[in-house]
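Peer 1: I am attaching a structure below and will ask some questions about it afterwards.
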Amino acid sequence: MSKDPEIDPDEAALFHREVEDVKRLKHDKVTHARLRPPCVAKRLTQQNHTNHASVEQDFLSDEYDACNVEIDDELRFIRPGVQKTVLRKLRRGQLLIGAELDLHGHIQTTARSTLSAFLRACVERDIRCIKIIHGKGYGSRQGRPVLKGKVNSWLRQRDEVLAFCSARREDGGTGAVYVLLKHIGKQGR
């Protein structure tokens with residue numbers, strides 16, 4: 001084996017000057033900034049006007065009422081046959097969010113049609129995990145969440161919805177839900 005080559009004292013001094021402000025890391029973990037998924041809602045809302053007839057066929061029933069929900073209630077739903085570990089990963093935010101829909105400012109009828117079109121578009125694009133922001137209902141006239149309860153009810157009626165749960169605090173907490181959709185694949189299209 002050969003000896004280490006001698007280091008030029010000028011190069012060593014230059015190196016030490018360049019790294020003198022470097023601080024030692026306290027940990028070896030990298031924190032990645034969470035990229036916000038593309039919002040599809042605006043494009044879908046414009047599509048609603050041109051495709052209104054097909055959206056009307058997808059209206060979800062308001063007769064079905066899963067239960068009354070309060071502002072801080074956590075939403076949770078899983079279809080029979082779906083593994084509980086999947087719901088656990090969903091609740092922890094461990095699944096990649098492929099699209100997001102913000103229903104703030106919508107009234108029930110526009111929220112319902114926008115949600116329906118959004119779900120259909122996500123299934124067509126084979127997006128498996130989405131986030132829906134329904135809000136907590138602080139601004140409602142009744143003083144309780146309206147859209148939160150409706151979204152809870154509407155999602156349970158959709159066959160393509162396998163599971164959903166309230167989001168983590170940093171993603172909206174009880175004012176948003178993560179939704180897991182069925183994988184349709186090419187044969188189902």
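How things are named: the first chain in the structure tokens is A, the next is B, and so on; residues count from 1 in each chain; ligands count from 1 in the order shown.
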For A:Lys84, please output as a list in words all residues within 10 Å (counting only C-alpha atoms; exclusion window: fewer than 6 positions along the same chain).

Peer 2: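 My reading of the contact set: Ile78, Leu90 and Ala163 of chain A.
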
Peer 1: Residues as selected, N, CA and C atoms, written as a PDB file, in the first residue's frame, can you do that?

Peer 2:
ATOM      1  N   ILE A  78     -64.094   2.530   6.927  1.00  0.00           N
ATOM      2  CA  ILE A  78     -63.347   1.519   6.185  1.00  0.00           C
ATOM      3  C   ILE A  78     -64.337   0.467   5.695  1.00  0.00           C
ATOM      4  N   LEU A  90     -53.142   5.418   6.275  1.00  0.00           N
ATOM      5  CA  LEU A  90     -53.882   6.589   5.807  1.00  0.00           C
ATOM      6  C   LEU A  90     -53.960   7.640   6.914  1.00  0.00           C
ATOM      7  N   ALA A 163     -61.797   3.721   1.935  1.00  0.00           N
ATOM      8  CA  ALA A 163     -61.631   4.169   3.320  1.00  0.00           C
ATOM      9  C   ALA A 163     -61.419   5.671   3.320  1.00  0.00           C
TER      10      ALA A 163
END

Peer 1: Using atom CA of A:Gly149 and atom CA of A:His106 as the two end points, give the distance in Å to one decimal.

Peer 2: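 Distance between the two atoms: 13.8 Å.
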
Peer 1: Atom CA of A:Thr85 and atom CA of A:Tyr178 are how many Å apart?

Peer 2: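 For atom CA of A:Thr85 relative to atom CA of A:Tyr178, the distance reads 14.7 Å.
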
Peer 1: Would you mind reading off the distance between atom CA of A:Ile127 and atom CA of A:Val179, one decimal, in Å?

Peer 2: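 That distance, rounded to one decimal, is 10.4 Å.
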
Peer 1: Would you please work out which residue, of A:Leu25, A:Ile7, A:Ala99, A:Ala13, is nearest to A:Cys122 when using only C-alpha atoms?

Peer 2: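 Once distances to A:Cys122 are computed over only C-alpha atoms, the minimum belongs to A:Ala99.
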
Peer 1: Using only C-alpha atoms, find the one residue out of A:Asp28, A:Glu18, A:Glu6, A:Asp102 that sits nearest to A:Leu147.

Peer 2: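 So, comparing all the options, the nearest one is A:Asp102.
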
Peer 1: Find the residues near A:Val86: any atom within 12 Å, counting only C-alpha atoms, skip ones fewer than 2 places away on the same chain, and give them as an NGL selection string.

Peer 2: :A and (77-79 or 81-84 or 88-95 or 129 or 162-165 or 178-181)

Peer 1: Keeping only C-alpha atoms, write the selected residues to a file as a PDB file, in the first residue's frame.

Peer 2:
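The file below, out-v5.pdb, is the result:
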ATOM      1  CA  PHE A  77     -64.663   4.781   7.615  1.00  0.00           C
ATOM      2  CA  ILE A  78     -63.347   1.519   6.185  1.00  0.00           C
ATOM      3  CA  ARG A  79     -65.123  -0.904   3.875  1.00  0.00           C
ATOM      4  CA  GLY A  81     -62.394  -6.471   3.525  1.00  0.00           C
ATOM      5  CA  VAL A  82     -59.952  -3.554   3.599  1.00  0.00           C
ATOM      6  CA  GLN A  83     -57.049  -4.221   5.933  1.00  0.00           C
ATOM      7  CA  LYS A  84     -56.868  -2.125   9.065  1.00  0.00           C
ATOM      8  CA  ARG A  88     -53.582   3.112   9.911  1.00  0.00           C
ATOM      9  CA  LYS A  89     -51.209   4.245   7.138  1.00  0.00           C
ATOM     10  CA  LEU A  90     -53.882   6.589   5.807  1.00  0.00           C
ATOM     11  CA  ARG A  91     -54.416   8.130   9.272  1.00  0.00           C
ATOM     12  CA  ARG A  92     -50.679   8.658   9.711  1.00  0.00           C
ATOM     13  CA  GLY A  93     -50.427  10.437   6.365  1.00  0.00           C
ATOM     14  CA  GLN A  94     -48.072   7.788   5.015  1.00  0.00           C
ATOM     15  CA  LEU A  95     -49.799   7.447   1.641  1.00  0.00           C
ATOM     16  CA  CYS A 129     -55.199   8.688  -2.366  1.00  0.00           C
ATOM     17  CA  LEU A 162     -62.403   2.148   0.203  1.00  0.00           C
ATOM     18  CA  ALA A 163     -61.631   4.169   3.320  1.00  0.00           C
ATOM     19  CA  PHE A 164     -61.369   7.685   4.664  1.00  0.00           C
ATOM     20  CA  CYS A 165     -60.300   9.369   7.861  1.00  0.00           C
ATOM     21  CA  TYR A 178     -57.750  11.577   3.463  1.00  0.00           C
ATOM     22  CA  VAL A 179     -59.606   9.270   1.076  1.00  0.00           C
ATOM     23  CA  LEU A 180     -58.382   5.961  -0.342  1.00  0.00           C
ATOM     24  CA  LEU A 181     -59.896   5.058  -3.716  1.00  0.00           C
TER      25      LEU A 181
END

Peer 1: Got a sec: who's within 12 Å of A:Ala176, counting only C-alpha atoms, leaving out chain neighbours fewer than 4 positions off, as a count of residues only?

Peer 2: 35
